[in-house]
Amino acid sequence: MTNQVAVSSTQAVVGTFTQTELDTLKHTIAVGTSNEQFALFVQTCVNSGLNPFLNQIYCIVYGGKMSIQVAVEGVLALARKQQGFRGVDVELVHENDDFKYNPASKEITHSVGFPRGKVIGGYAVAKKEGFTDVVTIMEVNEVEHMTKGNNKNMWTNYFNDMFKKHIMKRAAKLQYGIEIAEDEQISSSPVEEATSGYRKEITPNQIHIGEGEVIDPEDEMKSRWSEIKRKQKMYGLSEDTLKDIIKANFNKTPKELTLQQVVGLSRLMDLEGKKKTAEPEEITFDDLDEF
């Protein structure tokens, strides 16, 4: 009997995850998730091909609500899978540096001396074979709001690292066409996030979407429903089928759905679409909270 347990724990049961790995995820990176939230997190890992054990994707639960987050490491992992990947270089610019950039030629000259002084900006260059380099340049004042936002502890204590990751993320997404939904936050590792003591409450008219940014729920609801309609056409789902999915998973009419449930509906539609090719195990959610 003992041998049977040992063997089953090494066999993939969801995607490439073994039962032992799922148990480890549940009690570490995904600690505090409900069974439904954990199922969604695991399925997101499988569908995206990102590895939570390598800090590429993770989730944070506060107030009973879960936020799935894709780290900079995850963005780069997706970029590396593309043909022609040549990396992303990132540097910070200090007030005593000699820095010049020509937008027309995309030529950068950057010389450093000591003392360098305080950080005043930064840049990242994303390279892809056969494509023009993507150069992203930012000044410090463009991210000052981050030090006062929901992730302010990380931005205050590790500003240089967070700033570099922020610039790198922008350049990589542009060059490699990486699209990440707004509810998937880009931040640091889950260990850093957990030890920062961050558990800031969100005001009723704002929702946290990553790195201190907030959104207006009414505008976001309109945007999410537009996304739902787009996916409905893409996956060839009828109005009745869409209503059935909503009824089965949320026991509500479309107009009664909350913003969090609309986000969950979008993910469920992706799963429905993937069934046509991969036939994954069906997952239903009685109540889905993403934020």
# chains A, B, ... in the order shown; residues from 1 in each chain; ligands from 1

call {"tool": "residues_around", "arguments": {"residues": "Thr109 in chain A", "least_positions_apart": "3", "cutoff": "12 Å", "atoms": "only C-alpha atoms", "output": "list in words"}}
result
Glu91, Val93, Asp97, Asp98, Phe99, Lys100, Tyr101, Asn102, Pro103, Ser105, Lys106, Val112 and Tyr123 of chain A

call {"tool": "residues_around", "arguments": {"residues": "Phe38 in chain A", "least_positions_apart": "5", "cutoff": "8 Å", "atoms": "only C-alpha atoms", "output": "ChimeraX atom specification"}}
result
/A:26,30,33

call {"tool": "select_by_dssp", "arguments": {"residues": "range 51-158 of chain A", "states": "helix (DSSP H, G or I)", "output": "PyMOL selection string"}}
result
chain A and resi 52-54+72-80+140-142+144-148+152-157

call {"tool": "write_last_selection", "arguments": {"atoms": "N, CA and C atoms", "output": "PDB file, in the first residue's frame"}}
result
ATOM      1  N   PRO A  52       4.760  27.866 -11.125  1.00  0.00           N
ATOM      2  CA  PRO A  52       4.724  28.590  -9.850  1.00  0.00           C
ATOM      3  C   PRO A  52       5.932  28.298  -8.971  1.00  0.00           C
ATOM      4  N   PHE A  53       6.563  27.130  -9.156  1.00  0.00           N
ATOM      5  CA  PHE A  53       7.729  26.790  -8.344  1.00  0.00           C
ATOM      6  C   PHE A  53       8.969  27.585  -8.751  1.00  0.00           C
ATOM      7  N   LEU A  54       8.907  28.244  -9.913  1.00  0.00           N
ATOM      8  CA  LEU A  54      10.011  29.085 -10.372  1.00  0.00           C
ATOM      9  C   LEU A  54       9.668  30.564 -10.240  1.00  0.00           C
ATOM     10  N   VAL A  72       7.521  39.099 -13.286  1.00  0.00           N
ATOM     11  CA  VAL A  72       8.392  39.461 -14.404  1.00  0.00           C
ATOM     12  C   VAL A  72       9.087  38.217 -14.939  1.00  0.00           C
ATOM     13  N   GLU A  73       9.456  37.309 -14.045  1.00  0.00           N
ATOM     14  CA  GLU A  73      10.076  36.060 -14.469  1.00  0.00           C
ATOM     15  C   GLU A  73       9.155  35.277 -15.407  1.00  0.00           C
ATOM     16  N   GLY A  74       7.850  35.370 -15.161  1.00  0.00           N
ATOM     17  CA  GLY A  74       6.893  34.705 -16.021  1.00  0.00           C
ATOM     18  C   GLY A  74       6.801  35.354 -17.391  1.00  0.00           C
ATOM     19  N   VAL A  75       6.834  36.689 -17.409  1.00  0.00           N
ATOM     20  CA  VAL A  75       6.799  37.410 -18.683  1.00  0.00           C
ATOM     21  C   VAL A  75       8.010  37.026 -19.535  1.00  0.00           C
ATOM     22  N   LEU A  76       9.183  36.982 -18.902  1.00  0.00           N
ATOM     23  CA  LEU A  76      10.393  36.621 -19.631  1.00  0.00           C
ATOM     24  C   LEU A  76      10.368  35.157 -20.072  1.00  0.00           C
ATOM     25  N   ALA A  77       9.765  34.302 -19.252  1.00  0.00           N
ATOM     26  CA  ALA A  77       9.656  32.885 -19.630  1.00  0.00           C
ATOM     27  C   ALA A  77       8.817  32.735 -20.896  1.00  0.00           C
ATOM     28  N   LEU A  78       7.746  33.503 -21.001  1.00  0.00           N
ATOM     29  CA  LEU A  78       6.913  33.467 -22.196  1.00  0.00           C
ATOM     30  C   LEU A  78       7.665  34.030 -23.393  1.00  0.00           C
ATOM     31  N   ALA A  79       8.464  35.075 -23.148  1.00  0.00           N
ATOM     32  CA  ALA A  79       9.238  35.684 -24.235  1.00  0.00           C
ATOM     33  C   ALA A  79      10.295  34.713 -24.758  1.00  0.00           C
ATOM     34  N   ARG A  80      10.942  33.974 -23.863  1.00  0.00           N
ATOM     35  CA  ARG A  80      12.006  33.046 -24.268  1.00  0.00           C
ATOM     36  C   ARG A  80      11.490  31.924 -25.154  1.00  0.00           C
ATOM     37  N   VAL A 140      11.453  58.773 -13.310  1.00  0.00           N
ATOM     38  CA  VAL A 140      11.007  58.367 -11.978  1.00  0.00           C
ATOM     39  C   VAL A 140       9.617  58.891 -11.668  1.00  0.00           C
ATOM     40  N   ASN A 141       9.316  60.119 -12.123  1.00  0.00           N
ATOM     41  CA  ASN A 141       8.006  60.691 -11.789  1.00  0.00           C
ATOM     42  C   ASN A 141       6.848  59.905 -12.387  1.00  0.00           C
ATOM     43  N   GLU A 142       7.126  59.037 -13.370  1.00  0.00           N
ATOM     44  CA  GLU A 142       6.074  58.228 -13.974  1.00  0.00           C
ATOM     45  C   GLU A 142       5.643  57.064 -13.084  1.00  0.00           C
ATOM     46  N   GLU A 144       6.044  57.364  -9.505  1.00  0.00           N
ATOM     47  CA  GLU A 144       5.984  57.843  -8.126  1.00  0.00           C
ATOM     48  C   GLU A 144       4.701  57.411  -7.428  1.00  0.00           C
ATOM     49  N   HIS A 145       3.607  57.303  -8.202  1.00  0.00           N
ATOM     50  CA  HIS A 145       2.339  56.892  -7.598  1.00  0.00           C
ATOM     51  C   HIS A 145       2.407  55.474  -7.055  1.00  0.00           C
ATOM     52  N   MET A 146       3.347  54.676  -7.552  1.00  0.00           N
ATOM     53  CA  MET A 146       3.494  53.314  -7.062  1.00  0.00           C
ATOM     54  C   MET A 146       3.906  53.284  -5.586  1.00  0.00           C
ATOM     55  N   THR A 147       4.659  54.276  -5.167  1.00  0.00           N
ATOM     56  CA  THR A 147       5.128  54.316  -3.778  1.00  0.00           C
ATOM     57  C   THR A 147       4.021  54.705  -2.812  1.00  0.00           C
ATOM     58  N   LYS A 148       2.867  55.070  -3.348  1.00  0.00           N
ATOM     59  CA  LYS A 148       1.724  55.428  -2.506  1.00  0.00           C
ATOM     60  C   LYS A 148       0.549  54.496  -2.735  1.00  0.00           C
ATOM     61  N   LYS A 152       2.843  49.665  -1.996  1.00  0.00           N
ATOM     62  CA  LYS A 152       3.798  50.716  -1.634  1.00  0.00           C
ATOM     63  C   LYS A 152       4.984  50.193  -0.838  1.00  0.00           C
ATOM     64  N   ASN A 153       4.792  49.156  -0.035  1.00  0.00           N
ATOM     65  CA  ASN A 153       5.902  48.640   0.775  1.00  0.00           C
ATOM     66  C   ASN A 153       7.038  48.123  -0.103  1.00  0.00           C
ATOM     67  N   MET A 154       6.681  47.383  -1.150  1.00  0.00           N
ATOM     68  CA  MET A 154       7.703  46.858  -2.050  1.00  0.00           C
ATOM     69  C   MET A 154       8.390  47.977  -2.810  1.00  0.00           C
ATOM     70  N   TRP A 155       7.611  48.950  -3.282  1.00  0.00           N
ATOM     71  CA  TRP A 155       8.185  50.052  -4.052  1.00  0.00           C
ATOM     72  C   TRP A 155       9.035  50.960  -3.161  1.00  0.00           C
ATOM     73  N   THR A 156       8.693  51.094  -1.908  1.00  0.00           N
ATOM     74  CA  THR A 156       9.476  51.933  -0.998  1.00  0.00           C
ATOM     75  C   THR A 156      10.763  51.244  -0.577  1.00  0.00           C
ATOM     76  N   ASN A 157      10.676  49.971  -0.237  1.00  0.00           N
ATOM     77  CA  ASN A 157      11.834  49.247   0.286  1.00  0.00           C
ATOM     78  C   ASN A 157      12.771  48.729  -0.803  1.00  0.00           C
TER      79      ASN A 157
END

call {"tool": "atom_distance", "arguments": {"atom1": "CA of Lys165 in chain A", "atom2": "CA of Leu25 in chain A"}}
result
24.9 Å

call {"tool": "atom_distance", "arguments": {"atom1": "CA of Gly264 in chain A", "atom2": "CA of Gln37 in chain A"}}
result
10.3 Å

call {"tool": "select_by_dssp", "arguments": {"residues": "range 38-277 of chain A", "states": "strand (DSSP E)", "output": "PyMOL selection string"}}
result
chain A and resi 57-62+65-70+85-94+98-102+107-111+119-128+134-139+207-210+213-215

call {"tool": "closest_residue", "arguments": {"among": "A:Asn249, A:Met168, A:His94, A:Val14", "to": "Glu36 in chain A", "atoms": "only C-alpha atoms"}}
result
A:Asn249
